[in-house]
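K.L.:
Pasting a structure here, questions to come.
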There are 2 protein chains.
Amino acid sequence: MRTLNVELKDRSYSIHIGSGLLSHSKLLTERFKQRRAAVITNETIAQLYLERLVTALGEQGVETVRIIIPDGEAYKNSHTLNAIFDGLIENRCERGTPIIALGGGVVGDIAGFAAAVYQRGVPFFQVPTTLLAQVDSSVGGKTAINHPFGKNMIGAFYQPRAVIADTDTLETLPQRELAAGLAEVIKYGLIRDYAFLNWIEANAERLIGRDPEALAYAIELSCRTKADVVELDEREHGLRAHLNFGHTFGHAIEAGTGYGTWLHGEAVAAGMVLAAQLSQRMGYLSTTDVARISALLTRVGLPIDAPDLGAARYLELMAHDKKVEGGRLQLILLEKLGTAFVTEAPGAALHGVLEQLTVHA
Amino acid sequence: MRTLNVELKDRSYSIHIGSGLLSHSKLLTERFKQRRAAVITNETIAQLYLERLVTALGEQGVETVRIIIPDGEAYKNSHTLNAIFDGLIENRCERGTPIIALGGGVVGDIAGFAAAVYQRGVPFFQVPTTLLAQVDSSVGGKTAINHPFGKNMIGAFYQPRAVIADTDTLETLPQRELAAGLAEVIKYGLIRDYAFLNWIEANAERLIGRDPEALAYAIELSCRTKADVVELDEREHGLRAHLNFGHTFGHAIEAGTGYGTWLHGEAVAAGMVLAAQLSQRMGYLSTTDVARISALLTRVGLPIDAPDLGAARYLELMAHDKKVEGGRLQLILLEKLGTAFVTEAPGAALHGVLEQLTVHA
């Protein structure tokens with residue numbers, strides 16, 4: 001088992017990564033007093049892993065309230081959130097009753113937001129079961145639901161008390177979702193760690209082949225990179241925005257095609273290509289750099305061509321982004337491979353990148 | 001102008017109390033950078049005070065987005081919250097756009113919660129226009145909406161950047177709401193400041209007669225008392241629970257009669273009498289003490305007889321209270337006049353207090 005500590009003063013917590021951890025529920029129960037816990041999961045994950053977790057909690061003397069939501073980003077909304085509140089209240093969950101999120105990014109985001117605001121905050125634990133959640137959404141305390149006009153528009157910063165990433169759960173992950181998780185892994189290399197980017201290029205086949213060693217290393221390095229950034233800037237006043245590389249375009253793709261059509265990681269992959277192309281138009285990256293990014297994404301099975309929503313529609317969707325300041329869109333671009341920065345995008349360059357989509361389509 | 005500071009490290013803020021402060025919008029604008037702000041208010045307050053605030057903000061070069069919600073506790077729910085989100089998004093409010101709550105406790109609670117979770121948190125300012133809001137809900141950072149099964153069940157701790165209490169706004173306050181605010185003023189005397197309780201008894205007629213001096217003094221002392229408690233225990237791990245004296249019974253009254261039938265302060269008044277009676281049954285207060293509390297509440301025009309919902313219904317409603325721990329209800333009682341404490345309520349004494357309501361009804 002690999003253990004990382006995220007240092008956030010009184011909100012510090014540990015991330016445990018390894019095989020068989022779902023059954024090591026003591027990693028959870030040693031951190032709460034109550035003998036009842038609510039597990040929030042989705043229909044798919046419930047069939048695969050809920051009993052294993054419930055049994056392990058039961059062995060520690062902890063009774064489980066089960067709240068099962070539909071599977072998919074399309075359900076990360078206020079309707080599902082209210083259903084979670086109803087379940088918590090009907091089962092008399094109290095201010096001290098822990099909420100455990102068992103599932104991918106959607107489950108973690110919505111369960112985390114429910115934990116942040118139910119009775120003004122209850123203890124929260126993450127048991128991520130997808131690569132995306134293990135390397136990204138379970139680290140850093142961002143929780144949220146979507147609004148029809150924007151992804152993650154309503155949410156809170158709320159840190160878990162612990163994260164348990166059982167790498168065995170990746171065995172049942174569909175290949176498409178594994179690739180989606182690798183989009184975020186590649187992102188960490190691109191924005192902050194050129195050596196890691198080289199390692200990913202050298203080990204891409206091991207990763208998509210689910211070599212346990214390679215995956216555990218990639219998860220650990222991704223979590224460490226994200227934790228470093230979050231420790232320096234928990235509330236996203238500056239540096240943390242770098243983690244959104246590819247995401248402003250990606251969110252527009254997800255919203256513009258209807259949430260759930262593109263997986264989040266797929267949209268981020270195509271979004272990273274757009275951000276890289278913009279970085280090139282502004283004189284930072286070379287065409288070789290952009291081609292190298294596209295090639296790596298393609299090798300792990302990710303899309304690199306964003307859908308042609310029309311430049312106007314992209315700009316409209318991006319104007320709702322949380323990175324808008326004083327009416328001006330802030331974008332995360334690459335200064336070079338391994339180094340990100342924040343900038344306002346010049347209109348002509350931005351239009352150029354978006355309008356070429358029509359040419360390619 | 002009286003100014004109090006609430007010391008909460010990086011979440012510290014000032015409360016300004018005085019006449020004519022609505023027009024001193026510099027107290028607000030000097031604390032934000034953006035040239036746009038969203039004002040959330042209700043239909044009643046909009047007619048009385050919105051233009052004054054908008055004009056004052058305009059003189060400081062700040063453009064206002066107006067979001068007007070229906071008036072009343074019955075609207076402090078997820079439906080109204082979603083309407084606020086729609087308004088914020090349609091008007092392209094950003095992560096840096098301040099939200100200003102102009103109104104009473106309901107407006108402050110729901111606007112504060114919206115500010116806490118819109119884009120994971122935007123700058124928040126309170127301009128309370130009722131006595132209740134000026135002495136209670138605008139201090140301490142509790143924000144929330146109601147759930148059909150429980151008051152303030154969904155919310156967040158979120159501190160304002162500043163609070164501006166313009167005592168002129170109390171001139172238009174209906175007498176019933178003035179009295180409801182005095183319930184909380186009296187509460188501060190009962191739980192923490194026997195000398196203040198004596199002062200209120202000596203000045204009750206000045207308070208209900210809206211003597212500006214007396215009101216300003218009562219507001220300042222109430223805010224100071226609440227700020228002292230919140231500074232010691234922001235997240236309600238212990239001491240802060242004392243501020244809920246009368247509230248567990250009061251919330252049951254509000255929920256059991258339908259939100260909006262009893263004003264919050266009225267329900268708290270009758271709830272404080274129940275809590276005092278329970279304190280007496282458990283051997284803490286004398287019958288004289290209880291009579292003294294009832295007499296003071298009656299003098300300022302507050303109800304002292306809780307509705308007869310039936311003991312079973314009370315217990316059911318109270319079981320949903322946030323003060324439940326390990327299935328056991330924690331109540332705030334009085335050790336003596338001026339001193340509160342937290343205890344589990346013995347079943348027989350609690351039943352006795354609730355069953356006498358039938359006898360009296």
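In the structure tokens, chains take the letters A, B, ... in the order shown, each chain's residues start at 1, and ligands count up from 1 in the order shown.
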Pick out the chain A residues within 9 Å of chain B. Count only C-alpha atoms. Give them as an MDAnalysis selection string.
P.N.:
chainID A and resid 34:36 78 82 85:86 89:90 92:97 114 116:121 142:144 147 149:150 152:157 319:327
K.L.:
List the spatial neighbours of Ile191 of chain B as a PyMOL selection string - criterion: any atom at most 10 Å away, only C-alpha atoms, same-chain residues fewer than 5 positions off excluded.
P.N.:
chain B and resi 186+197+225+242-245+332-341
K.L.:
Could you pull out the helix (DSSP H, G or I) residues of segment 150-219 of chain A from DSSP and send them as a ChimeraX atom specification?
P.N.:
/A:167-172,175-192,194-208,212-219
K.L.:
Grab the atom CA of Lys187 of chain B to atom CA of Gly20 of chain B distance for me, in Å with one decimal place.
P.N.:
27.4 Å
K.L.:
Residues near segment 40-56 of chain A, anyone? I mean within 6 Å using only C-alpha atoms, not counting same-chain ones fewer than 6 positions away, as JSON, numbers by chain.
P.N.:
{"A": [22, 23, 25, 67, 68, 69, 70, 71, 101, 102, 103]}
K.L.:
Restricting it to N, CA and C atoms, dump the selection as a PDB file, in the first residue's frame.
P.N.:
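After the write, out-v1.pdb holds the following:
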ATOM      1  N   LEU A  22     -10.450  -2.238  -0.534  1.00  0.00           N
ATOM      2  CA  LEU A  22     -11.893  -2.180  -0.259  1.00  0.00           C
ATOM      3  C   LEU A  22     -12.259  -2.991   0.983  1.00  0.00           C
ATOM      4  N   SER A  23     -11.517  -4.071   1.199  1.00  0.00           N
ATOM      5  CA  SER A  23     -11.810  -4.921   2.352  1.00  0.00           C
ATOM      6  C   SER A  23     -11.119  -4.432   3.626  1.00  0.00           C
ATOM      7  N   SER A  25     -11.546  -1.979   5.617  1.00  0.00           N
ATOM      8  CA  SER A  25     -12.401  -0.843   5.970  1.00  0.00           C
ATOM      9  C   SER A  25     -11.917  -0.153   7.234  1.00  0.00           C
ATOM     10  N   ILE A  67     -27.353   4.436  -0.377  1.00  0.00           N
ATOM     11  CA  ILE A  67     -28.054   5.381  -1.242  1.00  0.00           C
ATOM     12  C   ILE A  67     -27.500   5.191  -2.651  1.00  0.00           C
ATOM     13  N   ILE A  68     -28.369   4.743  -3.552  1.00  0.00           N
ATOM     14  CA  ILE A  68     -27.910   4.373  -4.897  1.00  0.00           C
ATOM     15  C   ILE A  68     -28.516   5.322  -5.924  1.00  0.00           C
ATOM     16  N   ILE A  69     -27.650   5.978  -6.686  1.00  0.00           N
ATOM     17  CA  ILE A  69     -28.107   6.952  -7.676  1.00  0.00           C
ATOM     18  C   ILE A  69     -27.901   6.375  -9.079  1.00  0.00           C
ATOM     19  N   PRO A  70     -28.550   6.950 -10.090  1.00  0.00           N
ATOM     20  CA  PRO A  70     -28.330   6.455 -11.460  1.00  0.00           C
ATOM     21  C   PRO A  70     -26.890   6.712 -11.900  1.00  0.00           C
ATOM     22  N   ASP A  71     -26.428   5.943 -12.871  1.00  0.00           N
ATOM     23  CA  ASP A  71     -25.046   6.021 -13.340  1.00  0.00           C
ATOM     24  C   ASP A  71     -24.927   7.055 -14.462  1.00  0.00           C
ATOM     25  N   ALA A 101     -18.296   8.012  -0.352  1.00  0.00           N
ATOM     26  CA  ALA A 101     -18.571   7.980  -1.791  1.00  0.00           C
ATOM     27  C   ALA A 101     -17.853   6.781  -2.386  1.00  0.00           C
ATOM     28  N   LEU A 102     -18.614   5.850  -2.958  1.00  0.00           N
ATOM     29  CA  LEU A 102     -18.045   4.659  -3.595  1.00  0.00           C
ATOM     30  C   LEU A 102     -18.360   4.744  -5.082  1.00  0.00           C
ATOM     31  N   GLY A 103     -17.360   5.094  -5.899  1.00  0.00           N
ATOM     32  CA  GLY A 103     -17.628   5.190  -7.331  1.00  0.00           C
ATOM     33  C   GLY A 103     -16.648   6.118  -8.028  1.00  0.00           C
TER      34      GLY A 103
END
K.L.:
List the neighbours of Gly104 of chain B out to 8 Å using only C-alpha atoms; skip same-chain residues closer than 4 positions along the sequence, and give me the result as a list of chain:residue names.
P.N.:
B:Gly108, B:Pro128, B:Thr129, B:Thr130, B:Leu131, B:Leu132, B:Ala133
K.L.:
Go ahead and write the residues just picked, C-alpha atoms, as a PDB file, in the first residue's frame.
P.N.:
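Okay, this is what ended up in result-v8.pdb:
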ATOM      1  CA  GLY B 108     -29.764  36.359   4.460  1.00  0.00           C
ATOM      2  CA  PRO B 128     -30.037  43.001   7.341  1.00  0.00           C
ATOM      3  CA  THR B 129     -33.299  44.981   7.485  1.00  0.00           C
ATOM      4  CA  THR B 130     -35.124  43.250  10.342  1.00  0.00           C
ATOM      5  CA  LEU B 131     -34.276  43.220  14.023  1.00  0.00           C
ATOM      6  CA  LEU B 132     -34.040  39.423  13.938  1.00  0.00           C
ATOM      7  CA  ALA B 133     -31.494  39.508  11.148  1.00  0.00           C
TER       8      ALA B 133
END
